[in-house]
file query36.txt (compact mmCIF, C-alpha atoms)
# COMPACT_ATOMS: atom_id res chain seq x y z
CA MET X 15 54.63 152.08 250.27
CA VAL X 16 52.98 150.23 253.15
CA LYS X 17 55.53 148.57 255.39
CA VAL X 18 54.66 144.98 256.23
CA ALA X 19 55.28 144.04 259.84
CA SER X 20 57.82 141.28 260.18
CA GLU X 21 57.00 138.09 262.01
CA PRO X 22 58.42 137.82 265.53
CA VAL X 23 61.34 135.45 266.02
CA ARG X 24 60.04 132.08 267.23
CA CYS X 25 61.83 128.88 268.13
CA TRP X 26 60.40 127.16 265.09
CA THR X 27 58.92 128.27 261.78
CA SER X 28 55.30 127.45 261.10
CA LYS X 29 52.45 128.97 259.14
CA ASP X 30 49.91 127.11 261.25
CA PRO X 31 48.16 129.51 263.66
CA VAL X 32 47.46 126.70 266.14
CA TYR X 33 51.13 125.81 266.36
CA ASN X 34 52.21 129.45 266.61
CA ALA X 35 49.66 130.18 269.35
CA TYR X 36 50.91 127.14 271.26
CA HIS X 37 54.48 128.43 271.03
CA ASP X 38 53.57 131.98 272.00
CA THR X 39 51.21 131.32 274.89
CA GLU X 40 51.89 127.82 276.25
CA TRP X 41 55.16 126.11 275.41
CA GLY X 42 57.69 126.59 278.18
CA ARG X 43 55.34 128.46 280.50
CA PRO X 44 55.23 126.90 283.96
CA VAL X 45 52.62 124.27 284.73
CA THR X 46 52.43 123.47 288.43
CA ASP X 47 49.16 121.58 288.95
CA GLU X 48 48.72 117.80 288.92
CA ARG X 49 46.10 117.80 286.18
CA GLY X 50 48.14 119.97 283.83
CA LEU X 51 51.31 117.95 284.32
CA LEU X 52 49.49 114.63 283.93
CA GLU X 53 47.90 115.86 280.70
CA ARG X 54 51.20 116.88 279.19
CA LEU X 55 52.98 113.69 280.19
CA CYS X 56 50.18 111.63 278.67
CA LEU X 57 49.97 113.71 275.49
CA GLU X 58 53.73 113.53 274.99
CA GLY X 59 53.35 109.77 275.23
CA PHE X 60 50.57 109.78 272.65
CA GLN X 61 52.72 111.98 270.40
CA SER X 62 55.46 109.35 270.13
CA GLY X 63 55.86 108.60 266.42
CA LEU X 64 53.50 111.40 265.40
CA SER X 65 53.74 115.15 264.94
CA TRP X 66 52.97 117.40 267.91
CA LEU X 67 50.58 119.37 265.71
CA THR X 68 48.46 116.24 265.31
CA ILE X 69 48.15 116.02 269.09
CA LEU X 70 47.39 119.73 269.44
CA ARG X 71 44.52 119.46 266.99
CA LYS X 72 43.09 116.54 268.94
CA ARG X 73 43.71 117.96 272.40
CA ASP X 74 40.10 118.90 273.15
CA ASN X 75 39.07 115.37 272.17
CA PHE X 76 41.72 113.92 274.46
CA ARG X 77 40.49 116.05 277.34
CA LYS X 78 36.92 114.90 276.81
CA ALA X 79 37.93 111.25 276.42
CA PHE X 80 40.14 111.28 279.53
CA ALA X 81 37.86 113.21 281.91
CA GLY X 82 39.95 116.36 281.70
CA PHE X 83 42.95 114.32 282.89
CA ASP X 84 41.55 114.24 286.41
CA ALA X 85 43.79 111.60 287.99
CA ASP X 86 41.10 110.35 290.38
CA ARG X 87 38.63 109.74 287.56
CA VAL X 88 41.03 108.31 284.99
CA ALA X 89 42.55 105.96 287.58
CA ARG X 90 39.16 104.24 287.79
CA PHE X 91 39.05 103.47 284.05
CA GLY X 92 38.81 99.77 283.26
CA GLU X 93 38.68 97.52 280.22
CA ARG X 94 35.28 98.87 279.16
CA ASP X 95 36.78 102.35 279.04
CA VAL X 96 39.77 101.09 277.06
CA GLN X 97 37.40 99.58 274.50
CA ARG X 98 35.44 102.82 274.34
CA LEU X 99 38.60 104.82 273.76
CA LEU X 100 39.80 102.42 271.06
CA GLN X 101 36.63 103.32 269.14
CA ASP X 102 37.09 107.08 269.59
CA ALA X 103 38.26 108.50 266.25
CA GLY X 104 38.93 111.87 267.90
CA ILE X 105 42.04 110.60 269.70
CA VAL X 106 45.04 108.40 268.90
CA ARG X 107 43.65 104.86 269.09
CA HIS X 108 46.65 102.94 270.39
CA ARG X 109 45.96 100.43 273.15
CA GLY X 110 49.38 100.72 274.73
CA LYS X 111 49.20 104.50 274.92
CA ILE X 112 45.63 104.46 276.23
CA GLU X 113 46.57 101.98 278.94
CA ALA X 114 49.65 104.07 279.73
CA ALA X 115 47.50 107.16 280.32
CA ILE X 116 45.40 105.17 282.80
CA ALA X 117 48.54 103.83 284.47
CA ASN X 118 49.88 107.38 284.70
CA ALA X 119 46.75 108.54 286.48
CA ARG X 120 47.17 105.69 288.96
CA GLY X 121 50.83 106.61 289.33
CA SER X 122 49.80 110.18 290.14
CA LEU X 123 47.59 108.87 292.94
CA ALA X 124 50.42 106.69 294.20
CA LEU X 125 52.75 109.68 294.36
CA ARG X 126 50.12 111.73 296.12
CA GLU X 127 49.49 108.99 298.68
CA ALA X 128 53.24 108.70 299.28
CA GLY X 129 53.33 112.38 300.20
CA THR X 130 55.23 113.41 297.06
CA PRO X 131 52.58 114.68 294.61
CA LEU X 132 53.35 114.85 290.91
CA PRO X 133 54.12 118.62 290.82
CA GLU X 134 56.70 118.20 293.58
CA VAL X 135 58.31 115.23 291.85
CA VAL X 136 58.49 116.96 288.47
CA TRP X 137 59.71 120.35 289.67
CA LYS X 138 62.42 119.02 291.93
CA HIS X 139 64.17 117.98 288.70
CA ARG X 140 64.45 121.57 287.50
CA PRO X 141 68.08 122.08 286.39
CA LYS X 142 70.19 124.65 288.19
CA ARG X 143 71.34 126.16 284.90
CA ASN X 144 69.44 126.61 281.67
CA LYS X 145 71.55 128.38 279.06
CA ALA X 146 69.81 129.68 275.93
CA VAL X 147 70.84 128.16 272.61
CA LYS X 148 70.89 129.76 269.17
CA SER X 149 68.76 127.17 267.40
CA ILE X 150 66.09 124.66 268.38
CA TYR X 151 68.35 122.07 266.73
CA ASP X 152 70.99 122.70 269.39
CA LEU X 153 68.71 121.48 272.18
CA PRO X 154 69.31 118.10 273.81
CA THR X 155 66.70 115.34 273.62
CA THR X 156 67.51 114.10 277.12
CA THR X 157 69.36 115.42 280.16
CA PRO X 158 70.54 113.90 283.45
CA GLU X 159 67.46 115.50 285.04
CA SER X 160 65.06 113.92 282.54
CA ASP X 161 66.78 110.55 283.04
CA ALA X 162 66.29 110.82 286.79
CA LEU X 163 62.68 111.96 286.51
CA SER X 164 61.90 109.18 284.05
CA LYS X 165 63.18 106.58 286.52
CA GLU X 166 61.22 108.10 289.40
CA LEU X 167 57.99 108.17 287.41
CA LYS X 168 58.47 104.57 286.26
CA ARG X 169 58.94 103.48 289.88
CA ALA X 170 55.55 105.03 290.64
CA GLY X 171 53.92 103.03 287.83
CA PHE X 172 53.99 105.53 284.96
CA ARG X 173 54.39 104.24 281.40
CA PHE X 174 55.55 105.79 278.13
CA VAL X 175 57.77 108.10 280.14
CA GLY X 176 61.21 107.45 278.73
CA PRO X 177 63.85 110.18 279.14
CA THR X 178 63.07 111.76 275.74
CA THR X 179 59.32 111.93 276.38
CA VAL X 180 59.95 113.26 279.87
CA TYR X 181 62.33 115.94 278.60
CA ALA X 182 59.76 117.08 276.06
CA SER X 183 57.28 117.37 278.93
CA MET X 184 59.78 119.34 281.01
CA GLN X 185 60.22 121.74 278.08
CA ALA X 186 56.47 122.08 277.59
CA CYS X 187 55.80 122.70 281.29
CA GLY X 188 58.52 125.27 281.91
CA VAL X 189 60.67 123.07 284.11
CA VAL X 190 63.31 124.13 281.61
CA ASN X 191 63.14 127.22 279.41
CA ASP X 192 64.24 125.99 276.00
CA HIS X 193 63.08 128.99 274.01
CA ILE X 194 66.04 129.98 271.85
CA ALA X 195 68.07 133.08 272.68
CA ARG X 196 66.41 135.30 270.05
CA CYS X 197 62.87 134.09 270.67
CA PHE X 198 60.54 136.98 271.41
CA VAL X 199 58.92 135.27 274.43
CA ARG X 200 62.01 133.77 276.08
CA ALA X 201 62.54 136.58 278.60
CA GLU X 202 58.85 136.67 279.51
CA VAL X 203 58.77 132.91 280.02
CA GLN X 204 61.89 133.09 282.19
CA ARG X 205 60.29 135.72 284.40
CA GLU X 206 57.28 133.44 284.91
CA ILE X 207 59.55 130.54 285.85
CA ASP X 208 61.71 132.65 288.17
CA ALA X 209 58.59 133.81 290.00
CA LEU X 210 57.94 130.25 291.14
CA THR X 211 60.09 130.47 294.24
CA HIS X 212 57.90 127.89 295.98
CA MET X 213 58.86 125.29 293.37
CA VAL X 214 62.60 125.81 293.72
CA ARG X 215 64.55 123.12 295.56
call {"tool": "encode", "arguments": {"input": "query36.txt", "output": "C-alpha cells"}}
result
Amino acid sequence: MVKVASEPVRCWTSKDPVYNAYHDTEWGRPVTDERGLLERLCLEGFQSGLSWLTILRKRDNFRKAFAGFDADRVARFGERDVQRLLQDAGIVRHRGKIEAAIANARGSLALREAGTPLPEVVWKHRPKRNKAVKSIYDLPTTTPESDALSKELKRAGFRFVGPTTVYASMQACGVVNDHIARCFVRAEVQREIDALTHMVR
C-alpha cells in the first residue's frame, strides 16, 4: 500500500494553493521596507469586510493600479486617478479605501520627512513577548501595541488603520509571530524575526 504524505500543520485549513502558499512563504515573515509595509497596510484596509483570499487574488492588479505602492508616486495621485481606479474592475472599487491608500502614501512621506520613516514607526511597536497559541482562534484582534501604532499612523495622516487592521498588518509583516505553536513554519519565521537585530528597540 502506498502511504500518502500527510499535510503539514498550518495555522488555518485551506485547499486553496494560493492561500496555502501565502501562509507558508509570506505570512508572518518580516517586512522591513517602506513599500512592502505600505502595501500591506493598504491591502488590509481594502480587505475590510471582504475575505483575505479575495485580496490575494487581486494583489497583482492592486500593485499595477497603485504604482507598486511606491509612496512617492501614489502620493501624487489626484481626483483623475481616483476616477480611473473606480473604473478598474481588477481591484476593490471603493472610493473611501482608494482615497485612504493615497492618504497612506502621503502619510509615509510625512513620516519620512519627520525623520521617522514608516519601517521605524512600525517596528518600534514590536511586542517584547510573543507567546505561541494553540489555535488561530486564540489570537487577539488588537493589542496595546496595535492601538498605539494605529494612533501614531493616524496622526501622520493614514486612514483605514484602526487597531484591528493594524494588528492584522503586524501579523502579516512579522512584527509579531502569530503562527500557532504546532505550525510547521513557526520556528523558521521566528528565526527570521530574531535575526533583525537592527529593528529591535
call {"tool": "atom_distance", "arguments": {"input": "query36.txt", "atom1": "atom CA of Arg71 of chain X", "atom2": "atom CA of Pro44 of chain X"}}
result
21.4 Å
call {"tool": "residues_around", "arguments": {"input": "query36.txt", "residues": "segment 151-162 of chain X", "least_positions_apart": "4", "cutoff": "6 Å", "atoms": "all atoms listed in the file", "output": "mmCIF file with C-alpha atoms, keeping the file's coordinate frame"}}
result
data_model
loop_
_atom_site.group_PDB
_atom_site.id
_atom_site.type_symbol
_atom_site.label_atom_id
_atom_site.label_comp_id
_atom_site.auth_asym_id
_atom_site.auth_seq_id
_atom_site.Cartn_x
_atom_site.Cartn_y
_atom_site.Cartn_z
ATOM 1 C CA HIS X 139 64.170 117.980 288.700
ATOM 2 C CA PRO X 177 63.850 110.180 279.140
ATOM 3 C CA THR X 178 63.070 111.760 275.740
ATOM 4 C CA VAL X 180 59.950 113.260 279.870
ATOM 5 C CA TYR X 181 62.330 115.940 278.600
#
call {"tool": "atom_distance", "arguments": {"input": "query36.txt", "atom1": "atom CA of Ala35 of chain X", "atom2": "atom CA of Ile105 of chain X"}}
result
21.0 Å
call {"tool": "closest_residue", "arguments": {"input": "query36.txt", "among": "X:Thr68, X:Arg90, X:Phe60, X:Asn191", "to": "Arg143 of chain X", "atoms": "only C-alpha atoms"}}
result
X:Asn191
call {"tool": "closest_residue", "arguments": {"input": "query36.txt", "among": "X:Glu127, X:Glu113, X:Glu53, X:Asp86", "to": "Arg173 of chain X", "atoms": "only C-alpha atoms"}}
result
X:Glu113
call {"tool": "residues_around", "arguments": {"input": "query36.txt", "residues": "Lys72 of chain X", "least_positions_apart": "2", "cutoff": "10 Å", "atoms": "all atoms listed in the file", "output": "PyMOL selection string"}}
result
chain X and resi 57+66-70+74-77+103-106
call {"tool": "closest_residue", "arguments": {"input": "query36.txt", "among": "X:Ser28, X:Gln185, X:Thr130, X:Asn144", "to": "Val45 of chain X", "atoms": "only C-alpha atoms"}}
result
X:Gln185
call {"tool": "closest_residue", "arguments": {"input": "query36.txt", "among": "X:Leu123, X:Ala146, X:Leu52, X:Cys25", "to": "Met184 of chain X", "atoms": "all atoms listed in the file"}}
result
X:Leu52
call {"tool": "atom_distance", "arguments": {"input": "query36.txt", "atom1": "atom CA of Glu206 of chain X", "atom2": "atom CA of Arg49 of chain X"}}
result
19.3 Å
call {"tool": "axis_aligned_box", "arguments": {"input": "query36.txt", "around": "segment 76-90 of chain X", "padding_each_side": "6 Å", "output": "JSON"}}
result
{"center_x": 40.4, "center_y": 110.3, "center_z": 282.4, "size_x": 18.9, "size_y": 24.1, "size_z": 27.9}
call {"tool": "decode", "arguments": {"input": "query36.txt", "residues": "segment 73-89 of chain X", "atoms": "N, CA and C atoms", "output": "PDB file, in the first residue's frame"}}
result
ATOM      1  N   ARG X  73      -4.062  40.900  -5.882  1.00  0.00           N
ATOM      2  CA  ARG X  73      -2.888  41.652  -5.451  1.00  0.00           C
ATOM      3  C   ARG X  73      -2.067  42.198  -6.615  1.00  0.00           C
ATOM      4  N   ASP X  74      -1.863  41.411  -7.642  1.00  0.00           N
ATOM      5  CA  ASP X  74      -1.099  41.912  -8.793  1.00  0.00           C
ATOM      6  C   ASP X  74      -1.796  43.103  -9.432  1.00  0.00           C
ATOM      7  N   ASN X  75      -3.132  43.061  -9.470  1.00  0.00           N
ATOM      8  CA  ASN X  75      -3.884  44.193 -10.013  1.00  0.00           C
ATOM      9  C   ASN X  75      -3.724  45.428  -9.139  1.00  0.00           C
ATOM     10  N   PHE X  76      -3.748  45.221  -7.815  1.00  0.00           N
ATOM     11  CA  PHE X  76      -3.540  46.339  -6.897  1.00  0.00           C
ATOM     12  C   PHE X  76      -2.160  46.963  -7.118  1.00  0.00           C
ATOM     13  N   ARG X  77      -1.148  46.124  -7.257  1.00  0.00           N
ATOM     14  CA  ARG X  77       0.205  46.633  -7.443  1.00  0.00           C
ATOM     15  C   ARG X  77       0.321  47.455  -8.722  1.00  0.00           C
ATOM     16  N   LYS X  78      -0.326  46.981  -9.775  1.00  0.00           N
ATOM     17  CA  LYS X  78      -0.300  47.729 -11.038  1.00  0.00           C
ATOM     18  C   LYS X  78      -1.064  49.039 -10.903  1.00  0.00           C
ATOM     19  N   ALA X  79      -2.221  48.982 -10.263  1.00  0.00           N
ATOM     20  CA  ALA X  79      -3.071  50.174 -10.131  1.00  0.00           C
ATOM     21  C   ALA X  79      -2.441  51.238  -9.244  1.00  0.00           C
ATOM     22  N   PHE X  80      -1.674  50.801  -8.229  1.00  0.00           N
ATOM     23  CA  PHE X  80      -1.093  51.732  -7.265  1.00  0.00           C
ATOM     24  C   PHE X  80       0.431  51.837  -7.404  1.00  0.00           C
ATOM     25  N   ALA X  81       0.906  51.766  -8.642  1.00  0.00           N
ATOM     26  CA  ALA X  81       2.322  52.031  -8.943  1.00  0.00           C
ATOM     27  C   ALA X  81       3.268  51.248  -8.045  1.00  0.00           C
ATOM     28  N   GLY X  82       2.933  49.978  -7.814  1.00  0.00           N
ATOM     29  CA  GLY X  82       3.787  49.146  -6.972  1.00  0.00           C
ATOM     30  C   GLY X  82       3.870  49.611  -5.534  1.00  0.00           C
ATOM     31  N   PHE X  83       2.909  50.433  -5.118  1.00  0.00           N
ATOM     32  CA  PHE X  83       2.870  51.018  -3.770  1.00  0.00           C
ATOM     33  C   PHE X  83       4.140  51.818  -3.468  1.00  0.00           C
ATOM     34  N   ASP X  84       4.627  52.486  -4.493  1.00  0.00           N
ATOM     35  CA  ASP X  84       5.723  53.447  -4.326  1.00  0.00           C
ATOM     36  C   ASP X  84       5.120  54.711  -3.720  1.00  0.00           C
ATOM     37  N   ALA X  85       5.481  55.027  -2.494  1.00  0.00           N
ATOM     38  CA  ALA X  85       4.852  56.142  -1.776  1.00  0.00           C
ATOM     39  C   ALA X  85       4.989  57.459  -2.537  1.00  0.00           C
ATOM     40  N   ASP X  86       6.142  57.714  -3.124  1.00  0.00           N
ATOM     41  CA  ASP X  86       6.348  58.969  -3.837  1.00  0.00           C
ATOM     42  C   ASP X  86       5.390  59.117  -5.015  1.00  0.00           C
ATOM     43  N   ARG X  87       5.153  58.029  -5.720  1.00  0.00           N
ATOM     44  CA  ARG X  87       4.270  58.077  -6.885  1.00  0.00           C
ATOM     45  C   ARG X  87       2.800  58.135  -6.484  1.00  0.00           C
ATOM     46  N   VAL X  88       2.412  57.292  -5.542  1.00  0.00           N
ATOM     47  CA  VAL X  88       0.998  57.258  -5.142  1.00  0.00           C
ATOM     48  C   VAL X  88       0.593  58.560  -4.452  1.00  0.00           C
ATOM     49  N   ALA X  89       1.517  59.171  -3.741  1.00  0.00           N
ATOM     50  CA  ALA X  89       1.204  60.438  -3.056  1.00  0.00           C
ATOM     51  C   ALA X  89       0.807  61.541  -4.036  1.00  0.00           C
TER      52      ALA X  89
END
